[in-house]
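Q: Handing you a structure now.
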Amino acid sequence: MKTIRIPVFIEEFDVNELPEDILRLKEEAEKARENAYAPYSKFKVGAAVMLDDETIVTANNQENAAYPSGMCAERIAVWYAGAQYPDKKIIKLFITARSSSQTLNKPVPPCGACRQSIAEYEVKQHQDIEIWFMGETGKIWHSPSLKNLLPLVFDGSDL
Ligand code: THU
């Protein structure tokens with residue numbers, strides 16, 4: 001038997017340390033978050049992706065009375081970018097969440113299904129996607145690739 005270690009890392013930022021383009025992406029994600037349709041969870045998520053030509057695409061979570069029919073902000077953002085700009089690469093993704101029941105001051109990471117969907121795009125475009133995520137306030141966490149959030153990814157090479 002041998003132990004296989006898979007190291008991952010996250011970088012933590014204060015808002016005043018964010019690069020200019022990430023601040024812009026954060027603002028866009030916050031605007032999108034406020035338009036989320038989340039009447040059931042009251043947990044609003046906004047996502048903003050930046051493409052390789054600096055186009056920004058935003059989305060938010062969309063819920064449904066039949067709960068599983070809803071969808072997360074991140075997947076809508078990434079799929080919308082894929083649908084509208086199939087030849088452009090997604091280079092950055094910013095995620096922010098706000099709850100009506102508590103102040104979210106810890107970074108809120110993308111759920112497992114969203115990680116898998118984002119991973120598909122890293123594989124498709126042969127380029128890493130920077131993931132930036134936060135709650136409503138507080139620290140912002142950054143990973144230069146989705147791989148830090150989903151190290152043992154299942155992708156097309158496994159089929
Ligand atoms: N949600 C997202 O939009 N992204 C995530 O990564 C986690 C969860 C949404 C789905 C649902 O509308 C609400 O947050 C509560 O789970």
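Identifiers in this document derive from the order of the structure tokens: chains are assigned A, B, ..., residues are numbered from 1 separately in each chain, and ligands are numbered from 1 in order of occurrence.
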Which residues come within 12 Å of stretch 17-25 of chain A, counting only C-alpha atoms, excluding same-chain residues fewer than 2 positions away, as an mmCIF file with C-alpha atoms, in the first residue's frame?
A:
```
data_model
loop_
_atom_site.group_PDB
_atom_site.id
_atom_site.type_symbol
_atom_site.label_atom_id
_atom_site.label_comp_id
_atom_site.auth_asym_id
_atom_site.auth_seq_id
_atom_site.Cartn_x
_atom_site.Cartn_y
_atom_site.Cartn_z
ATOM 1 C CA GLU A 11 -5.486 32.056 -1.515
ATOM 2 C CA GLU A 12 -7.351 34.394 0.825
ATOM 3 C CA PHE A 13 -7.887 38.049 -0.067
ATOM 4 C CA ASP A 14 -9.332 41.105 1.638
ATOM 5 C CA VAL A 15 -11.530 43.186 -0.625
ATOM 6 C CA GLU A 27 -19.680 44.055 -8.553
ATOM 7 C CA GLU A 28 -21.342 42.283 -11.466
ATOM 8 C CA ALA A 29 -21.830 39.114 -9.404
ATOM 9 C CA GLU A 30 -23.368 41.163 -6.576
ATOM 10 C CA LYS A 31 -25.800 42.838 -8.972
ATOM 11 C CA ALA A 32 -26.776 39.465 -10.401
ATOM 12 C CA GLY A 46 -24.699 35.594 -8.003
ATOM 13 C CA ALA A 47 -22.055 34.438 -10.445
ATOM 14 C CA ALA A 48 -20.066 36.439 -12.977
ATOM 15 C CA VAL A 49 -17.728 34.918 -15.519
ATOM 16 C CA MET A 50 -15.118 36.742 -17.541
ATOM 17 C CA LEU A 51 -14.293 35.457 -21.010
ATOM 18 C CA GLU A 54 -13.170 40.411 -21.195
ATOM 19 C CA THR A 55 -16.858 39.915 -21.949
ATOM 20 C CA ILE A 56 -18.708 39.430 -18.660
ATOM 21 C CA VAL A 57 -21.654 37.034 -18.364
ATOM 22 C CA THR A 58 -23.697 36.948 -15.168
ATOM 23 C CA ALA A 59 -26.338 34.673 -13.684
ATOM 24 C CA ILE A 91 -10.987 32.604 -17.630
ATOM 25 C CA LYS A 92 -12.469 33.833 -14.328
ATOM 26 C CA LEU A 93 -15.533 33.128 -12.231
ATOM 27 C CA PHE A 94 -16.665 35.159 -9.225
ATOM 28 C CA ILE A 95 -19.348 33.835 -6.833
ATOM 29 C CA THR A 96 -21.135 35.634 -3.999
ATOM 30 C CA GLU A 130 -9.834 31.137 -11.817
ATOM 31 C CA ILE A 131 -12.473 30.660 -9.132
ATOM 32 C CA TRP A 132 -13.129 33.527 -6.709
ATOM 33 C CA PHE A 133 -15.796 33.094 -4.042
ATOM 34 C CA LYS A 139 -12.724 37.369 2.976
ATOM 35 C CA ILE A 140 -12.595 36.314 -0.630
ATOM 36 C CA TRP A 141 -11.071 32.948 -1.482
ATOM 37 C CA HIS A 142 -9.304 32.325 -4.756
#
```
Q: Can you list every residue of chain A that has an atom at most 8 Å from ligand 1, with its nearest atom pair and the distance in Å to one decimal, using only C-alpha atoms and all ligand atoms, ordered by chain then number, as a tab-separated table?
A:
```
residue	atom	partner	partner_atom_place_in_ligand_line	distance
A:Tyr37	CA	ligand 1	12 (O)	7.7
A:Ala38	CA	ligand 1	12 (O)	5.6
A:Tyr40	CA	ligand 1	12 (O)	7.7
A:Ser41	CA	ligand 1	15 (C)	5.3
A:Lys42	CA	ligand 1	13 (C)	7.4
A:Phe43	CA	ligand 1	13 (C)	5.2
A:Lys44	CA	ligand 1	14 (O)	6.2
A:Val45	CA	ligand 1	3 (O)	4.9
A:Gly46	CA	ligand 1	3 (O)	7.2
A:Asn60	CA	ligand 1	3 (O)	6.4
A:Asn61	CA	ligand 1	3 (O)	4.4
A:Gln62	CA	ligand 1	12 (O)	5.9
A:Glu63	CA	ligand 1	12 (O)	5.1
A:Gly70	CA	ligand 1	12 (O)	6.3
A:Met71	CA	ligand 1	10 (C)	5.9
A:Cys72	CA	ligand 1	3 (O)	3.2
A:Ala73	CA	ligand 1	3 (O)	4.1
A:Glu74	CA	ligand 1	4 (N)	5.9
A:Arg75	CA	ligand 1	4 (N)	7.9
A:Ala97	CA	ligand 1	3 (O)	8.0
A:Val108	CA	ligand 1	6 (O)	7.6
A:Pro109	CA	ligand 1	6 (O)	6.2
A:Pro110	CA	ligand 1	6 (O)	3.5
A:Cys111	CA	ligand 1	6 (O)	3.9
A:Gly112	CA	ligand 1	6 (O)	7.4
A:Ala113	CA	ligand 1	6 (O)	7.8
A:Cys114	CA	ligand 1	6 (O)	6.0
```
Q: Could you tell me how far atom CA of A:Val153 lies from atom CA of A:Lys106, in Å and to one decimal?
A: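 Separating atom CA of A:Val153 from atom CA of A:Lys106 is a distance of 25.0 Å.
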Q: Pick out the closest residue to A:Asn16 from this set: A:Lys124, A:Gly138, A:Pro68, A:Val78. Count only C-alpha atoms.
A: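 Looking only at the distances to A:Asn16, the closest residue turns out to be A:Gly138.
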Q: Have a look at atom CA of A:Ser143 and atom CA of A:Val8 and let me know their distance in Å, one decimal.
A: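 Rounded to one decimal, the two atoms are 9.1 Å apart.
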Q: When you draw a straight line from atom CA of A:Glu122 to atom CA of A:Ile6, how long is it in Å?
A: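 That distance, rounded to one decimal, is 18.7 Å.
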Q: Which residues come within 9 Å of A:Thr103, counting only C-alpha atoms, excluding same-chain residues fewer than 4 positions away, as a PDB file with N, CA and C atoms, in the first residue's frame?
A:
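Output saved as part33.pdb:
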```
ATOM      1  N   ARG A  98     -25.864  35.622  -0.584  1.00  0.00           N
ATOM      2  CA  ARG A  98     -26.461  36.380   0.532  1.00  0.00           C
ATOM      3  C   ARG A  98     -27.702  35.637   1.010  1.00  0.00           C
ATOM      4  N   SER A  99     -27.789  35.495   2.325  1.00  0.00           N
ATOM      5  CA  SER A  99     -28.921  34.792   2.919  1.00  0.00           C
ATOM      6  C   SER A  99     -29.757  35.788   3.699  1.00  0.00           C
ATOM      7  N   GLY A 135     -18.890  35.116   0.697  1.00  0.00           N
ATOM      8  CA  GLY A 135     -20.272  35.212   1.155  1.00  0.00           C
ATOM      9  C   GLY A 135     -20.815  36.549   0.700  1.00  0.00           C
ATOM     10  N   GLU A 136     -21.503  37.214   1.645  1.00  0.00           N
ATOM     11  CA  GLU A 136     -21.974  38.560   1.329  1.00  0.00           C
ATOM     12  C   GLU A 136     -20.878  39.573   1.640  1.00  0.00           C
ATOM     13  N   THR A 137     -20.076  39.236   2.663  1.00  0.00           N
ATOM     14  CA  THR A 137     -19.035  40.144   3.138  1.00  0.00           C
ATOM     15  C   THR A 137     -17.851  39.292   3.600  1.00  0.00           C
TER      16      THR A 137
END
```
Q: Quick one: of A:Leu152, A:Lys147, A:Leu104, A:Leu159, who's nearest to A:Ile4, counting only C-alpha atoms?
A: A:Leu152
Q: Select from stretch 17-144 of chain A everything DSSP, run on the backbone, classes as alpha helix (DSSP H), then give the selection as a ChimeraX atom specification.
A: /A:20-34,73-84,112-125
Q: Closest to A:Asp52 among A:Ile90, A:Leu150, A:Met134, A:Met1, using only C-alpha atoms?
A: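 Going through A:Ile90, A:Leu150, A:Met134, A:Met1 one by one, the smallest distance to A:Asp52 is for A:Ile90.
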